[in-house]
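Have a look at start.cif below; it lists mmCIF, C-alpha atoms.
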data_coords
#
loop_
_atom_site.group_PDB
_atom_site.id
_atom_site.type_symbol
_atom_site.label_atom_id
_atom_site.label_comp_id
_atom_site.auth_asym_id
_atom_site.auth_seq_id
_atom_site.Cartn_x
_atom_site.Cartn_y
_atom_site.Cartn_z
ATOM 1 C CA MET A 1 -23.155 -24.286 107.940
ATOM 2 C CA ALA A 2 -19.524 -25.392 107.795
ATOM 3 C CA LYS A 3 -19.555 -26.122 111.523
ATOM 4 C CA LYS A 4 -22.780 -28.136 111.211
ATOM 5 C CA LEU A 5 -21.258 -30.232 108.428
ATOM 6 C CA ASP A 6 -18.031 -30.710 110.437
ATOM 7 C CA MET A 7 -15.941 -28.950 107.769
ATOM 8 C CA ILE A 8 -13.875 -26.818 110.160
ATOM 9 C CA ASP A 9 -10.351 -27.884 110.986
ATOM 10 C CA GLU A 10 -9.745 -26.582 114.508
ATOM 11 C CA THR A 11 -6.047 -27.535 114.340
ATOM 12 C CA GLY A 12 -5.106 -25.693 111.158
ATOM 13 C CA ASP A 13 -4.836 -22.117 109.986
ATOM 14 C CA ALA A 14 -7.331 -21.450 107.210
ATOM 15 C CA LEU A 15 -5.438 -18.400 105.981
ATOM 16 C CA ARG A 16 -2.951 -19.349 103.300
ATOM 17 C CA THR A 17 -0.872 -17.478 100.796
ATOM 18 C CA PHE A 18 0.721 -18.630 97.572
ATOM 19 C CA THR A 19 3.959 -18.987 99.518
ATOM 20 C CA ASP A 20 2.376 -21.656 101.708
ATOM 21 C CA TYR A 21 1.663 -23.771 98.647
ATOM 22 C CA THR A 22 5.135 -23.344 97.164
ATOM 23 C CA GLU A 23 6.524 -24.916 100.354
ATOM 24 C CA GLN A 24 4.250 -27.957 99.893
ATOM 25 C CA LYS A 25 4.685 -28.404 96.136
ATOM 26 C CA GLU A 26 7.319 -27.291 93.717
ATOM 27 C CA LEU A 27 5.632 -24.189 92.332
ATOM 28 C CA GLN A 28 7.151 -21.096 90.839
ATOM 29 C CA LEU A 29 5.311 -17.787 91.060
ATOM 30 C CA MET A 30 6.042 -14.911 88.731
ATOM 31 C CA ARG A 31 4.688 -11.375 88.780
ATOM 32 C CA LEU A 32 4.599 -9.460 85.513
ATOM 33 C CA LEU A 33 3.604 -5.812 84.964
ATOM 34 C CA LEU A 34 1.887 -5.324 81.605
ATOM 35 C CA ASP A 35 2.901 -2.011 80.070
ATOM 36 C CA SER A 36 1.227 -0.557 76.988
ATOM 37 C CA GLY A 37 3.699 -2.284 74.649
ATOM 38 C CA ASN A 38 3.080 -5.781 76.029
ATOM 39 C CA ALA A 39 1.600 -8.230 73.503
ATOM 40 C CA TRP A 40 -0.927 -9.479 76.088
ATOM 41 C CA VAL A 41 -2.611 -6.069 76.477
ATOM 42 C CA GLY A 42 -6.085 -6.232 74.940
ATOM 43 C CA MET A 43 -6.121 -10.029 74.847
ATOM 44 C CA ALA A 44 -8.645 -12.272 76.546
ATOM 45 C CA VAL A 45 -7.122 -14.690 79.055
ATOM 46 C CA ARG A 46 -8.415 -17.661 76.996
ATOM 47 C CA ASP A 47 -6.301 -16.480 74.032
ATOM 48 C CA LEU A 48 -2.970 -16.406 75.897
ATOM 49 C CA ASP A 49 -0.483 -18.976 74.686
ATOM 50 C CA LEU A 50 0.931 -20.047 78.047
ATOM 51 C CA PRO A 51 3.523 -22.808 78.419
ATOM 52 C CA PRO A 52 2.343 -26.215 79.667
ATOM 53 C CA ASP A 53 1.571 -26.368 83.403
ATOM 54 C CA THR A 54 1.377 -22.584 83.621
ATOM 55 C CA MET A 55 -1.650 -20.700 84.859
ATOM 56 C CA LEU A 56 -2.597 -17.062 85.321
ATOM 57 C CA VAL A 57 -3.839 -17.006 88.912
ATOM 58 C CA ILE A 58 -4.590 -13.361 89.726
ATOM 59 C CA ILE A 59 -4.644 -9.940 88.094
ATOM 60 C CA GLN A 60 -3.846 -6.886 90.190
ATOM 61 C CA ARG A 61 -5.690 -3.977 88.556
ATOM 62 C CA GLY A 62 -5.080 -0.785 90.485
ATOM 63 C CA GLU A 63 -6.319 -1.413 94.021
ATOM 64 C CA ASN A 64 -8.427 -4.415 92.942
ATOM 65 C CA SER A 65 -7.574 -8.086 92.607
ATOM 66 C CA VAL A 66 -9.318 -9.716 89.653
ATOM 67 C CA ILE A 67 -9.821 -13.467 89.403
ATOM 68 C CA PRO A 68 -9.078 -14.195 85.750
ATOM 69 C CA ARG A 69 -11.744 -15.871 83.641
ATOM 70 C CA GLY A 70 -11.472 -16.831 79.982
ATOM 71 C CA ASP A 71 -13.206 -13.644 78.844
ATOM 72 C CA THR A 72 -11.184 -11.303 81.125
ATOM 73 C CA ILE A 73 -9.379 -8.751 78.959
ATOM 74 C CA LEU A 74 -5.871 -7.790 80.078
ATOM 75 C CA MET A 75 -5.138 -4.074 80.288
ATOM 76 C CA ALA A 76 -2.031 -1.893 80.314
ATOM 77 C CA GLY A 77 -1.015 -1.368 83.929
ATOM 78 C CA ASP A 78 -2.270 -4.768 85.057
ATOM 79 C CA THR A 79 0.088 -6.872 87.140
ATOM 80 C CA VAL A 80 -0.473 -10.563 86.500
ATOM 81 C CA VAL A 81 0.679 -13.408 88.724
ATOM 82 C CA LEU A 82 1.501 -16.681 87.002
ATOM 83 C CA THR A 83 2.221 -20.041 88.552
ATOM 84 C CA ALA A 84 4.123 -22.891 86.973
ATOM 85 C CA GLY A 85 5.806 -25.974 88.221
ATOM 86 C CA TYR A 86 5.191 -29.416 89.535
ATOM 87 C CA TYR A 87 1.836 -31.132 89.085
ATOM 88 C CA GLY A 88 1.664 -34.818 89.967
ATOM 89 C CA LYS A 89 4.499 -36.680 88.272
ATOM 90 C CA LEU A 90 4.912 -34.107 85.489
ATOM 91 C CA ARG A 91 7.500 -31.437 86.180
ATOM 92 C CA LEU A 92 7.872 -28.379 84.016
ATOM 93 C CA THR A 93 11.465 -27.775 83.020
ATOM 94 C CA VAL A 94 12.311 -24.631 81.152
ATOM 95 C CA PRO A 95 15.625 -24.723 79.294
ATOM 96 C CA LEU A 96 17.361 -21.436 80.038
ATOM 97 C CA CYS A 97 20.878 -20.288 79.242
ATOM 98 C CA GLU A 98 22.873 -17.167 80.053
ATOM 99 C CA VAL A 99 24.676 -14.975 77.535
ATOM 100 C CA ARG A 100 27.246 -12.580 78.994
ATOM 101 C CA ILE A 101 27.597 -9.372 77.005
ATOM 102 C CA THR A 102 31.041 -7.807 76.700
ATOM 103 C CA ALA A 103 32.077 -4.596 74.935
ATOM 104 C CA GLU A 104 33.179 -6.741 71.974
ATOM 105 C CA HIS A 105 30.009 -8.851 71.809
ATOM 106 C CA PRO A 106 28.097 -8.322 68.535
ATOM 107 C CA TRP A 107 24.857 -7.646 70.466
ATOM 108 C CA ASN A 108 26.373 -4.839 72.575
ATOM 109 C CA GLY A 109 24.575 -1.552 71.855
ATOM 110 C CA LYS A 110 21.718 -3.191 69.942
ATOM 111 C CA THR A 111 18.073 -3.448 70.914
ATOM 112 C CA LEU A 112 16.325 -6.822 71.190
ATOM 113 C CA ALA A 113 14.318 -5.988 68.076
ATOM 114 C CA GLU A 114 17.575 -5.669 66.124
ATOM 115 C CA LEU A 115 18.639 -9.234 66.983
ATOM 116 C CA SER A 116 17.740 -12.000 64.582
ATOM 117 C CA LEU A 117 17.011 -14.712 67.114
ATOM 118 C CA PRO A 118 15.508 -17.974 65.885
ATOM 119 C CA LYS A 119 11.783 -18.264 66.642
ATOM 120 C CA GLU A 120 12.595 -21.000 69.205
ATOM 121 C CA GLU A 121 14.589 -18.527 71.332
ATOM 122 C CA LEU A 122 13.413 -15.694 73.554
ATOM 123 C CA VAL A 123 15.281 -13.335 75.884
ATOM 124 C CA VAL A 124 13.170 -13.552 79.039
ATOM 125 C CA LEU A 125 15.286 -11.513 81.448
ATOM 126 C CA ILE A 126 18.253 -9.156 81.461
ATOM 127 C CA ARG A 127 20.416 -8.867 84.575
ATOM 128 C CA ARG A 128 21.984 -5.393 84.676
ATOM 129 C CA GLY A 129 24.024 -5.137 87.846
ATOM 130 C CA THR A 130 21.576 -5.855 90.667
ATOM 131 C CA GLU A 131 18.548 -5.016 88.501
ATOM 132 C CA SER A 132 16.408 -7.615 86.713
ATOM 133 C CA ILE A 133 14.736 -6.294 83.578
ATOM 134 C CA ILE A 134 11.868 -7.907 81.699
ATOM 135 C CA PRO A 135 12.932 -6.882 78.203
ATOM 136 C CA LEU A 136 10.884 -5.369 75.398
ATOM 137 C CA GLY A 137 11.853 -4.957 71.763
ATOM 138 C CA ASP A 138 13.315 -1.500 72.412
ATOM 139 C CA THR A 139 15.433 -2.651 75.390
ATOM 140 C CA GLU A 140 19.075 -1.888 74.647
ATOM 141 C CA ILE A 141 21.691 -4.529 75.387
ATOM 142 C CA CYS A 142 24.750 -3.141 77.164
ATOM 143 C CA ASP A 143 28.243 -4.221 78.109
ATOM 144 C CA GLY A 144 28.075 -6.159 81.401
ATOM 145 C CA ASN A 145 24.486 -7.393 80.885
ATOM 146 C CA ILE A 146 23.613 -11.028 81.383
ATOM 147 C CA LEU A 147 20.808 -12.129 79.068
ATOM 148 C CA VAL A 148 18.716 -15.093 80.190
ATOM 149 C CA LYS A 149 17.359 -16.892 77.129
ATOM 150 C CA TYR A 150 14.695 -19.547 76.719
ATOM 151 C CA GLU A 151 15.704 -22.086 74.093
ATOM 152 C CA ASN A 152 13.153 -24.647 72.925
#
Using the file provided, produce a representation of the structure as structure tokens.
Amino acid sequence: MAKKLDMIDETGDALRTFTDYTEQKELQLMRLLLDSGNAWVGMAVRDLDLPPDTMLVIIQRGENSVIPRGDTILMAGDTVVLTAGYYGKLRLTVPLCEVRITAEHPWNGKTLAELSLPKEELVVLIRRGTESIIPLGDTEICDGNILVKYEN
């Protein structure tokens, strides 16, 4: 049918990956494993409060890839892929800052839950040596960590 309607591009490769699109547009892709303590577990995709210009594009559930729909319920163990970035003339900018933790820093030895961060701030990543950690409330902050914070 596609050939009859002259919809086949003989000069191009029809197989594309997300990486192909990030080279054409400014897109950021992020993969996130949902463990049992993640706030998204049990939520329908339509109820997620995603930042502007951000979209959940695929759910890896065991050996299966699930195309998310509004009524898709996220489960512990799911790996979700999100995309965010440049759409038309609107570019998503996320204000991030780094906080270096020293032995003397007041957050050293505390968990994220023990911090009294303003509601406009969120620790989105902890760099611990060469490891990148997506933090949870019980994640302990240690000397030498670099905390990456979102500040609205």
Pick from A:His105, A:Lys119, A:Arg100, A:Lys110 nearest to Ile146 in chain A, counting all atoms listed in the file: A:Arg100
Å distance separating CA of Leu33 in chain A from CA of Ser65 in chain A, one decimal place: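 CA of Ser65 in chain A lies at a distance of 13.7 Å from CA of Leu33 in chain A.
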Shell of 10 Å around Leu112 in chain A, all atoms listed in the file, local chain residues under 5 positions omitted, as a VMD selection string: chain A and resid 107 117 122 to 123 135 to 141
Contact residues around Arg127 in chain A with all atoms listed in the file at 7 Å, ignoring same-chain residues under 5 positions, as an NGL selection string: :A and (132-133 or 145-147)
Selected residue, from A:Leu82, A:Ile134, A:Met75, A:Leu125, that lies nearest to Val148 in chain A when counting only C-alpha atoms: A:Leu125
Atom pair CA of Gly70 in chain A / CA of Glu120 in chain A: separation (Å):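 Computing it gives 26.7 Å between the two atoms.
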Counting only C-alpha atoms, the residue of A:Leu74, A:Ile101, A:Val80, A:Ala39 that sits nearest Leu56 in chain A: A:Val80
Å distance separating CA of Val45 in chain A from CA of Thr72 in chain A, one decimal place: 5.7 Å
Distance criterion (all atoms listed in the file): nearest to Gly129 in chain A out of A:Ser36, A:Ala84, A:Gly144, A:Ser116: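 That would be A:Gly144, the residue with the smallest distance to Gly129 in chain A.
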Reference answer for the PyMOL selection byres ((chain A and resi 97) around 7), as an MDAnalysis selection string: chainID A and resid 95:96 98:99 148:150
Among listed residues A:Ile59, A:Ala113, A:Cys142, A:Ala103, nearest Ala76 in chain A (using only C-alpha atoms):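 Closest residue, counting only C-alpha atoms: A:Ile59.
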